[in-house]
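Trainee: Below is the file start.cif, with mmCIF, C-alpha atoms.
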```cif
data_target
#
loop_
_atom_site.label_atom_id
_atom_site.label_comp_id
_atom_site.auth_asym_id
_atom_site.auth_seq_id
_atom_site.Cartn_x
_atom_site.Cartn_y
_atom_site.Cartn_z
CA MET A 217 0.00 0.00 0.00
CA SER A 218 1.49 3.32 -1.06
CA VAL A 219 1.68 6.24 1.35
CA VAL A 220 -0.49 9.27 0.48
CA VAL A 221 0.31 11.45 3.52
CA GLN A 222 3.56 11.54 5.44
CA LEU A 223 4.35 13.97 8.25
CA SER A 224 7.86 13.85 9.71
CA GLY A 225 8.72 15.79 12.87
CA VAL A 226 6.16 18.51 12.16
CA SER A 227 5.87 21.31 14.72
CA LYS A 228 3.77 24.46 14.71
CA SER A 229 3.47 27.31 17.19
CA PHE A 230 1.31 30.42 17.22
CA GLY A 231 3.36 33.08 18.90
CA ALA A 232 4.91 31.57 22.01
CA MET A 233 2.32 28.80 22.22
CA PRO A 234 3.27 25.40 20.72
CA VAL A 235 0.25 23.75 19.08
CA ILE A 236 1.84 20.75 17.30
CA THR A 237 5.09 19.21 18.55
CA GLY A 238 7.20 16.70 16.63
CA LEU A 239 4.26 15.04 14.88
CA SER A 240 5.05 12.08 12.62
CA LEU A 241 2.45 9.86 10.95
CA GLU A 242 1.60 8.17 7.67
CA VAL A 243 -1.74 7.57 5.94
CA GLY A 244 -1.90 4.79 3.38
CA GLU A 245 -3.75 4.83 0.07
CA GLY A 246 -7.47 4.17 0.55
CA GLU A 247 -7.21 4.45 4.32
CA LEU A 248 -9.61 6.41 6.51
CA LEU A 249 -7.63 7.73 9.47
CA ALA A 250 -9.44 9.41 12.36
CA LEU A 251 -7.63 11.96 14.54
CA LEU A 252 -9.24 12.18 17.97
CA GLY A 253 -8.55 14.44 20.88
CA PRO A 254 -10.00 17.06 23.23
CA SER A 255 -10.70 20.63 22.16
CA GLY A 256 -7.52 22.62 21.68
CA CYS A 257 -5.24 19.61 21.20
CA GLY A 258 -4.20 20.64 17.67
CA LYS A 259 -6.41 18.41 15.49
CA THR A 260 -7.63 21.12 13.11
CA THR A 261 -4.14 22.60 12.89
CA VAL A 262 -2.91 19.25 11.55
CA LEU A 263 -5.49 19.45 8.74
CA ARG A 264 -4.60 23.06 7.99
CA LEU A 265 -0.90 22.14 7.78
CA ILE A 266 -1.62 19.30 5.36
CA ALA A 267 -3.97 21.43 3.25
CA GLY A 268 -1.44 24.26 3.10
CA PHE A 269 -3.40 26.86 5.06
CA GLU A 270 -0.57 26.96 7.61
CA ARG A 271 3.20 26.53 7.28
CA PRO A 272 5.04 24.19 9.66
CA ASP A 273 7.81 25.72 11.78
CA GLU A 274 9.75 22.46 11.62
CA GLY A 275 9.51 19.11 9.83
CA GLU A 276 8.30 17.98 6.44
CA ILE A 277 4.95 17.15 4.82
CA VAL A 278 4.92 14.80 1.84
CA LEU A 279 1.79 14.11 -0.25
CA SER A 280 1.93 11.20 -2.69
CA SER A 281 5.77 11.19 -2.66
CA ARG A 282 5.89 14.96 -3.31
CA LEU A 283 7.40 17.27 -0.72
CA VAL A 284 4.89 20.08 -0.23
CA ALA A 285 6.25 21.71 2.94
CA GLY A 286 9.67 21.62 4.56
CA GLY A 287 12.91 23.54 4.37
CA ARG A 288 12.58 26.03 1.53
CA VAL A 289 9.84 24.08 -0.22
CA TRP A 290 6.29 25.41 -0.06
CA VAL A 291 3.48 24.24 -2.35
CA PRO A 292 0.33 26.44 -2.13
CA PRO A 293 -3.02 24.84 -1.22
CA GLU A 294 -4.48 24.98 -4.74
CA GLU A 295 -1.60 22.89 -6.09
CA ARG A 296 -1.70 20.10 -3.48
CA GLY A 297 -4.62 18.11 -4.89
CA VAL A 298 -6.37 17.97 -1.52
CA GLY A 299 -10.15 18.17 -0.97
CA MET A 300 -11.49 19.77 2.21
CA VAL A 301 -14.85 19.42 3.97
CA PHE A 302 -15.22 22.20 6.53
CA GLN A 303 -17.11 22.09 9.80
CA ASP A 304 -19.74 24.55 8.51
CA TYR A 305 -19.73 23.00 4.97
CA ALA A 306 -18.88 26.44 3.42
CA LEU A 307 -21.35 26.04 0.55
CA PHE A 308 -21.97 29.03 -1.71
CA PRO A 309 -25.54 30.14 -0.87
CA HIS A 310 -26.12 31.78 -4.28
CA LEU A 311 -25.16 28.63 -6.23
CA THR A 312 -27.24 25.50 -6.81
CA VAL A 313 -26.08 22.05 -5.73
CA ALA A 314 -24.72 21.33 -9.21
CA GLN A 315 -22.98 24.71 -9.37
CA ASN A 316 -21.40 24.21 -5.95
CA ILE A 317 -20.04 20.84 -7.04
CA ALA A 318 -18.77 22.32 -10.31
CA PHE A 319 -16.80 25.03 -8.52
CA GLY A 320 -13.45 23.21 -8.64
CA LEU A 321 -13.87 21.78 -12.15
CA HIS A 322 -13.10 24.88 -14.24
CA ARG A 323 -10.16 23.16 -15.92
CA LEU A 324 -12.40 20.51 -17.50
CA SER A 325 -14.24 20.92 -20.76
CA ALA A 326 -17.96 21.60 -20.53
CA ASP A 327 -18.86 18.00 -21.42
CA ASP A 328 -16.34 16.49 -19.00
CA ARG A 329 -17.47 18.88 -16.28
CA GLN A 330 -21.12 17.86 -16.65
CA ARG A 331 -20.13 14.19 -16.72
CA ARG A 332 -18.13 14.53 -13.51
CA ILE A 333 -20.90 16.47 -11.76
CA ALA A 334 -23.35 13.70 -12.61
CA GLU A 335 -20.93 11.03 -11.34
CA VAL A 336 -20.34 12.55 -7.92
CA MET A 337 -23.97 13.56 -7.49
CA ALA A 338 -24.99 9.95 -8.11
CA LEU A 339 -22.29 8.70 -5.72
CA ALA A 340 -23.49 11.09 -3.00
CA GLY A 341 -27.20 10.39 -3.56
CA LEU A 342 -27.86 13.90 -4.85
CA ALA A 343 -29.04 13.10 -8.39
CA GLU A 344 -32.47 14.67 -7.86
CA LEU A 345 -31.23 17.78 -6.03
CA GLY A 346 -29.01 19.47 -8.60
CA ASP A 347 -31.21 22.56 -9.05
CA ARG A 348 -31.76 23.24 -5.36
CA TYR A 349 -29.98 25.90 -3.32
CA PRO A 350 -28.30 25.18 0.04
CA TYR A 351 -31.10 26.81 2.05
CA GLN A 352 -33.51 24.28 0.51
CA LEU A 353 -31.51 21.32 1.85
CA SER A 354 -31.40 19.52 5.18
CA GLY A 355 -28.21 19.48 7.21
CA GLY A 356 -27.41 15.96 6.06
CA GLN A 357 -27.97 16.90 2.41
CA GLN A 358 -25.74 19.96 2.76
CA GLN A 359 -23.02 17.77 4.17
CA ARG A 360 -23.24 15.39 1.23
CA VAL A 361 -23.01 18.35 -1.16
CA ALA A 362 -19.86 19.56 0.63
CA LEU A 363 -18.36 16.08 0.36
CA ALA A 364 -19.33 15.77 -3.32
CA ARG A 365 -17.71 19.15 -4.02
CA ALA A 366 -14.51 17.99 -2.31
CA LEU A 367 -14.49 14.73 -4.30
CA ALA A 368 -15.35 16.25 -7.69
CA PRO A 369 -11.75 17.11 -8.72
CA SER A 370 -10.72 13.48 -7.88
CA PRO A 371 -8.26 14.36 -5.10
CA ARG A 372 -6.06 11.63 -3.69
CA LEU A 373 -6.80 12.96 -0.20
CA VAL A 374 -9.89 14.40 1.47
CA LEU A 375 -9.67 16.20 4.81
CA LEU A 376 -12.78 16.35 7.01
CA ASP A 377 -12.83 18.83 9.90
CA GLU A 378 -15.47 17.89 12.51
CA PRO A 379 -17.94 17.22 9.67
CA PHE A 380 -20.81 16.01 11.88
CA SER A 381 -20.66 18.61 14.65
CA ASN A 382 -23.57 20.67 13.27
CA LEU A 383 -25.94 17.70 13.16
CA ASP A 384 -28.10 16.36 15.97
CA THR A 385 -27.30 12.99 17.52
CA ASP A 386 -29.77 10.91 15.51
CA LEU A 387 -28.81 12.53 12.19
CA ARG A 388 -25.09 12.03 12.92
CA ALA A 389 -25.72 8.32 13.38
CA GLN A 390 -27.55 8.20 10.03
CA ILE A 391 -25.06 10.29 8.08
CA ARG A 392 -21.81 8.66 9.23
CA PRO A 393 -22.39 5.42 7.26
CA GLU A 394 -23.41 7.47 4.20
CA VAL A 395 -20.23 9.55 4.32
CA GLU A 396 -18.09 6.45 4.77
CA ARG A 397 -19.87 4.75 1.85
CA ILE A 398 -19.22 7.76 -0.38
CA LEU A 399 -15.53 7.90 0.57
CA ARG A 400 -15.04 4.17 0.10
CA GLY A 401 -16.94 4.27 -3.17
CA ALA A 402 -14.62 6.97 -4.47
CA ASN A 403 -11.52 4.97 -3.39
CA THR A 404 -10.30 8.12 -1.68
CA THR A 405 -7.85 8.42 1.20
CA ALA A 406 -9.36 10.46 4.02
CA LEU A 407 -8.28 12.09 7.25
CA LEU A 408 -11.12 12.77 9.68
CA VAL A 409 -10.72 15.11 12.66
CA THR A 410 -13.21 14.70 15.50
CA HIS A 411 -13.60 14.96 19.25
CA ASP A 412 -16.33 12.28 19.16
CA GLN A 413 -14.98 8.87 20.16
CA GLU A 414 -17.87 6.99 18.58
CA GLU A 415 -17.21 8.66 15.21
CA ALA A 416 -13.51 7.86 15.35
CA MET A 417 -14.03 4.22 16.32
CA ASP A 418 -16.92 3.73 13.91
CA MET A 419 -15.26 5.19 10.81
CA GLY A 420 -11.51 4.97 11.25
CA ASP A 421 -9.42 2.11 9.91
CA ARG A 422 -6.95 3.50 12.43
CA MET A 423 -7.29 6.26 14.98
CA GLY A 424 -4.66 8.64 16.31
CA ILE A 425 -4.98 10.22 19.75
CA LEU A 426 -3.66 13.77 20.09
CA ASN A 427 -2.93 15.41 23.43
CA ASN A 428 -1.48 18.92 23.66
CA GLY A 429 -0.14 18.67 20.13
CA ARG A 430 1.55 15.29 20.58
CA LEU A 431 0.50 11.98 19.10
CA GLU A 432 0.07 9.59 22.03
CA GLN A 433 -1.06 6.52 20.08
CA LEU A 434 -1.88 5.53 16.50
CA ASP A 435 -3.43 2.13 15.89
CA ARG A 436 -6.62 0.23 15.11
CA PRO A 437 -9.58 1.39 17.24
CA GLU A 438 -9.80 -2.01 18.97
CA THR A 439 -6.14 -1.85 19.94
CA VAL A 440 -6.37 1.73 21.22
CA TYR A 441 -9.38 0.82 23.37
CA HIS A 442 -8.09 -2.47 24.78
CA TRP A 443 -4.36 -1.68 24.88
CA PRO A 444 -4.02 2.09 25.48
CA ALA A 445 -0.40 3.17 25.29
CA THR A 446 -0.63 5.91 27.93
CA ARG A 447 -2.80 6.79 30.88
CA PHE A 448 -4.21 9.75 28.94
CA VAL A 449 -5.37 7.46 26.13
CA ALA A 450 -6.86 5.00 28.62
CA ASP A 451 -8.80 7.78 30.32
CA PHE A 452 -9.84 9.61 27.15
CA VAL A 453 -10.98 6.68 24.96
CA GLY A 454 -13.97 5.04 26.58
CA GLN A 455 -14.78 5.24 30.27
CA ALA A 456 -12.12 4.04 32.65
CA ASP A 457 -11.45 3.87 36.37
CA PHE A 458 -7.99 3.48 37.88
CA LEU A 459 -7.21 1.45 40.99
CA ALA A 460 -4.01 1.96 42.94
CA GLY A 461 -1.96 -1.20 43.30
CA ARG A 462 1.46 -2.60 44.00
CA VAL A 463 3.37 -5.22 42.04
CA ALA A 464 4.45 -8.37 43.86
CA ASP A 465 5.67 -11.56 42.17
CA LYS A 466 4.09 -10.74 38.76
CA THR A 467 0.81 -9.84 40.45
CA ILE A 468 -0.87 -6.49 41.03
CA LEU A 469 -2.36 -6.25 44.53
CA THR A 470 -5.36 -3.93 44.87
CA GLU A 471 -8.11 -3.38 47.40
CA ILE A 472 -10.51 -5.53 45.37
CA GLY A 473 -8.17 -8.40 44.64
CA ALA A 474 -4.95 -9.60 43.05
CA PHE A 475 -4.51 -9.67 39.28
CA PRO A 476 -1.82 -11.46 37.27
CA CYS A 477 0.45 -9.02 35.49
CA LYS A 478 2.63 -9.74 32.44
CA LEU A 479 3.77 -6.17 31.92
CA GLY A 480 7.33 -6.64 33.13
CA LEU A 481 6.91 -4.30 36.11
CA ALA A 482 9.39 -4.62 38.96
CA ASP A 483 8.32 -5.92 42.37
CA GLY A 484 7.31 -3.08 44.64
CA ALA A 485 6.32 -0.80 41.76
CA ARG A 486 3.28 1.36 42.47
CA VAL A 487 0.78 1.35 39.60
CA GLU A 488 -2.70 2.37 38.55
CA MET A 489 -4.67 -0.51 37.04
CA MET A 490 -7.35 0.31 34.47
CA LEU A 491 -10.90 -0.97 34.83
CA ARG A 492 -13.64 -0.60 32.22
CA PRO A 493 -17.26 -0.63 33.45
CA ASP A 494 -17.94 -3.87 31.56
CA ASP A 495 -15.11 -5.53 33.53
CA VAL A 496 -16.97 -5.14 36.84
CA GLN A 497 -19.77 -7.47 37.93
CA LEU A 498 -22.02 -6.80 40.94
CA PHE A 499 -23.43 -9.29 43.47
CA PRO A 500 -25.88 -8.03 46.13
CA ASP A 501 -24.73 -8.95 49.64
CA GLU A 502 -25.86 -7.28 52.86
CA ALA A 503 -22.37 -7.87 54.23
CA GLY A 504 -20.68 -6.70 51.05
CA GLY A 505 -17.72 -4.37 51.30
CA ALA A 506 -18.88 -1.98 48.56
CA GLU A 507 -21.95 0.23 48.19
CA ILE A 508 -23.92 1.36 45.15
CA ILE A 509 -24.25 5.13 45.32
CA ALA A 510 -25.78 5.99 41.92
CA ARG A 511 -27.45 4.53 38.85
CA ARG A 512 -27.51 6.18 35.43
CA PHE A 513 -29.93 4.79 32.85
CA ARG A 514 -28.27 4.69 29.40
CA GLY A 515 -30.98 2.98 27.34
CA PRO A 516 -29.55 -0.49 26.64
CA GLN A 517 -27.61 -0.47 29.92
CA ASN A 518 -27.41 0.91 33.43
CA LEU A 519 -24.18 2.49 34.64
CA TYR A 520 -23.66 2.03 38.38
CA THR A 521 -21.29 4.02 40.54
CA ILE A 522 -19.86 1.97 43.41
CA ARG A 523 -17.97 3.22 46.45
CA LEU A 524 -15.21 0.93 47.69
CA PRO A 525 -14.17 0.68 51.37
CA SER A 526 -11.34 3.15 50.70
CA GLY A 527 -13.83 5.69 49.35
CA LYS A 528 -12.63 5.17 45.77
CA HIS A 529 -15.38 5.11 43.13
CA VAL A 530 -15.56 2.60 40.29
CA HIS A 531 -18.26 1.92 37.70
CA SER A 532 -20.12 -1.13 36.49
CA SER A 533 -22.13 -1.51 33.29
CA GLN A 534 -25.15 -3.81 33.58
CA PRO A 535 -28.05 -4.66 31.26
CA SER A 536 -30.94 -2.19 31.40
CA THR A 537 -33.16 -4.81 33.06
CA VAL A 538 -30.75 -5.32 35.98
CA LEU A 539 -31.95 -2.85 38.61
CA PHE A 540 -30.11 -2.22 41.88
CA ASP A 541 -31.03 0.55 44.29
CA PRO A 542 -28.56 3.14 45.53
CA GLY A 543 -27.50 2.24 49.05
CA MET A 544 -27.38 -1.49 48.30
CA ARG A 545 -24.33 -3.34 49.60
CA VAL A 546 -22.56 -5.45 47.01
CA ASN A 547 -19.49 -7.53 46.34
CA LEU A 548 -17.50 -7.04 43.15
CA LYS A 549 -16.07 -9.54 40.75
CA VAL A 550 -13.63 -8.18 38.19
CA GLU A 551 -13.12 -10.23 35.03
CA LEU A 552 -10.20 -8.97 32.95
CA SER A 553 -9.14 -10.54 29.66
CA HIS A 554 -5.80 -8.75 30.19
CA VAL A 555 -4.35 -6.28 32.65
CA VAL A 556 -3.52 -2.68 31.69
CA ALA A 557 -1.59 -0.70 34.29
CA PHE A 558 0.51 2.46 34.38
CA PRO A 559 3.37 3.19 36.78
CA ILE A 560 2.74 5.91 39.33
CA VAL A 561 5.45 8.54 38.95
CA ASP A 562 6.23 10.30 42.23
#
```
Can you present the structure in this file as structure tokens?

Mentor:
Amino acid sequence: MSVVVQLSGVSKSFGAMPVITGLSLEVGEGELLALLGPSGCGKTTVLRLIAGFERPDEGEIVLSSRLVAGGRVWVPPEERGVGMVFQDYALFPHLTVAQNIAFGLHRLSADDRQRRIAEVMALAGLAELGDRYPYQLSGGQQQRVALARALAPSPRLVLLDEPFSNLDTDLRAQIRPEVERILRGANTTALLVTHDQEEAMDMGDRMGILNNGRLEQLDRPETVYHWPATRFVADFVGQADFLAGRVADKTILTEIGAFPCKLGLADGARVEMMLRPDDVQLFPDEAGGAEIIARRFRGPQNLYTIRLPSGKHVHSSQPSTVLFDPGMRVNLKVELSHVVAFPIVD
């Protein structure tokens, strides 16, 4: 698989504030990579650097084996062959759907331009909407027009900046598969920026986790969730609790039990062991050492907050039909397929 995007040691600051620090990553041909992170972590800046809207202070950016930024080389945005879908779609209100899509096709002949417009409108499910104006479209339709416009010039790379943020929850869930279908159907490489974990895990072949401008982990969503590389990733991706423990003879000793550890940690090491809510099972017991203090109904499941004897809180995910009352005493059983723990640095 050839590499479409390559960033090597890219850094960017605005004034005295570093936004991206030493970022290196590759995106393969046909891959959909999701960049995930909290607000202000530098996600959108990465897209702007790749698109050419910002210049890196250090490092190199290579697109399809062509150096576009680095050293004395600078290729302007219009010559990079990159499509962009903005957060607010940025459609031209005075142009129809077909005219919006045609905007980047001025180099084609009239016949080829009409042929390409028809192709991407069919791919995006817009064939019947060509004469409408943006104000006559739903949010989901406007998004598909923005994506069709980005795809029309046949770019090797499409950048999507928080493309679902303006849609309500139900519409986001409906539109995500449509957008992925369109991208896959066009055989286009894509880089999606989002702060929504579900979007990143649902759409990304791989997902990268950014924190304060640094890439903390880049891997398949399943690997990032089950084997987080850092405590930040463990805490940010999915819900996690952390129990203090100490390593003894390849075992982590905690207040709720001992857990075998194959992480190569030295005896006596102090660690925090990660628990996911679906790792924790509850068993009512009037003499139990833990107490349920809250229940949150989440539709298909209940999320229980449990207070341990030390006062530490952990969470347990149970089916929606399993109802326990706050104040109930319980015992816990933790079933881990593998142990994830992070050393405590004094």

Trainee: To one decimal place, how far is CA of Leu375 in chain A from CA of Leu408 in chain A in Å?

Mentor: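 Here the two named atoms are 6.1 Å from each other.
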
Trainee: Measuring atom to atom with only C-alpha atoms, identify which of A:Asn427, A:Thr385, A:Thr446, A:Gln359 is nearest to Ile398 in chain A.

Mentor: A:Gln359

Trainee: Report the distance between CA of Thr537 in chain A and CA of Phe513 in chain A in Å, rounded to one decimal place.

Mentor: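 Those two atoms sit 10.1 Å apart.
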
Trainee: When you count all atoms listed in the file, which of these residues is closest to Asp457 in chain A: A:Arg492, A:Arg331, A:Lys228, A:Arg348?

Mentor: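 Smallest separation from Asp457 in chain A among the options: A:Arg492.
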
Trainee: Could you pull out every residue with an atom within 10 Å of (-18.5, 19.9, 8.5), file coordinates, counting all atoms listed in the file, and send them as a ChimeraX atom specification?

Mentor: /A:300-306,355,358-360,362-363,376-383

Trainee: Find the residues around Leu311 in chain A up to 12 Å (only C-alpha atoms counted), leave out those fewer than 5 positions away in its own chain, and share them as number ranges by chain.

Mentor: A: 306, 316-319, 346-352, 361

Trainee: As a check of understanding, name the residues that the PyMOL selection byres ((chain A and resi 497) around 8) selects in the supplied structure, as a ChimeraX atom specification.

Mentor: /A:494-496,498-499,532-534,548-551

Trainee: May I have the residues within 10 Å of Glu415 in chain A as a VMD selection string, using only C-alpha atoms and disregarding those fewer than 4 positions away in the same chain?

Mentor: chain A and resid 250 252 378 380 388 to 389 392 408 to 411 419 to 420

Trainee: Tell me which of A:Ala232, A:Val395, A:Val556, A:Leu434 sits closest to Asp418 in chain A, counting all atoms listed in the file.

Mentor: A:Val395

Trainee: Is it possible to get the residues within 12 Å of (-28.9, 3.2, 45.6) (coordinates as in the file, counting all atoms listed in the file) written as a PyMOL selection string?

Mentor: chain A and resi 500+506-512+519-523+539-546

Trainee: Write out as a PyMOL selection string which residues come within 12 Å of Trp290 in chain A when counting only C-alpha atoms, dropping same-chain ones fewer than 4 positions away.

Mentor: chain A and resi 265-273+276-278+282-286+294-296

Trainee: What is the distance between CA of Cys257 in chain A and CA of Ile425 in chain A, in Å to one decimal?

Mentor: 9.5 Å

Trainee: Mind running range 494-557 of chain A against range 477-482 of chain A at 10 Å and telling me each contacting residue's nearest atom pair with the distance in Å (one decimal), counting all atoms listed in the file, chain and number ascending, as CSV?

Mentor:
```
residue,atom,partner,partner_atom,distance
A:His554,CA,A:Cys477,CA,8.2
A:Val555,CA,A:Cys477,CA,6.2
A:Val556,CA,A:Leu479,CA,8.1
A:Ala557,CA,A:Leu479,CA,8.0
```

Trainee: Write out, as a PDB file, in the coordinates of the input, the residues just selected, with C-alpha atoms.

Mentor:
```
ATOM      1  CA  HIS A 554      -5.800  -8.750  30.190  1.00  0.00           C
ATOM      2  CA  VAL A 555      -4.350  -6.280  32.650  1.00  0.00           C
ATOM      3  CA  VAL A 556      -3.520  -2.680  31.690  1.00  0.00           C
ATOM      4  CA  ALA A 557      -1.590  -0.700  34.290  1.00  0.00           C
TER       5      ALA A 557
END
```

Trainee: Could you name the residues that touch Pro234 in chain A at 10 Å or less, counting all atoms listed in the file, but leaving out those on the same chain fewer than 6 positions away, as a list in words?

Mentor: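 Once the adjacent positions are removed, what remains is Ser227, Lys228, Gly258, Asn428 and Gly429 of chain A.
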
Trainee: Compile the contact shell of Val463 in chain A as a list in words: residues with an atom at most 10 Å away, counting all atoms listed in the file, same-chain residues fewer than 6 positions apart removed.

Mentor: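 Counting only the stated atoms, we get Leu469, Thr470, Ala474, Phe475, Pro476, Cys477, Gly480, Leu481, Ala482, Asp483, Gly484, Ala485, Arg486, Val487 and Pro559 of chain A.
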
Trainee: For the residues in the current selection, export C-alpha atoms as a compact mmCIF listing (two decimals), in the coordinates of the input.

Mentor:
```txt
# COMPACT_ATOMS: atom_id res chain seq x y z
CA LEU A 469 -2.36 -6.25 44.53
CA THR A 470 -5.36 -3.93 44.87
CA ALA A 474 -4.95 -9.60 43.05
CA PHE A 475 -4.51 -9.67 39.28
CA PRO A 476 -1.82 -11.46 37.27
CA CYS A 477 0.45 -9.02 35.49
CA GLY A 480 7.33 -6.64 33.13
CA LEU A 481 6.91 -4.30 36.11
CA ALA A 482 9.39 -4.62 38.96
CA ASP A 483 8.32 -5.92 42.37
CA GLY A 484 7.31 -3.08 44.64
CA ALA A 485 6.32 -0.80 41.76
CA ARG A 486 3.28 1.36 42.47
CA VAL A 487 0.78 1.35 39.60
CA PRO A 559 3.37 3.19 36.78
```
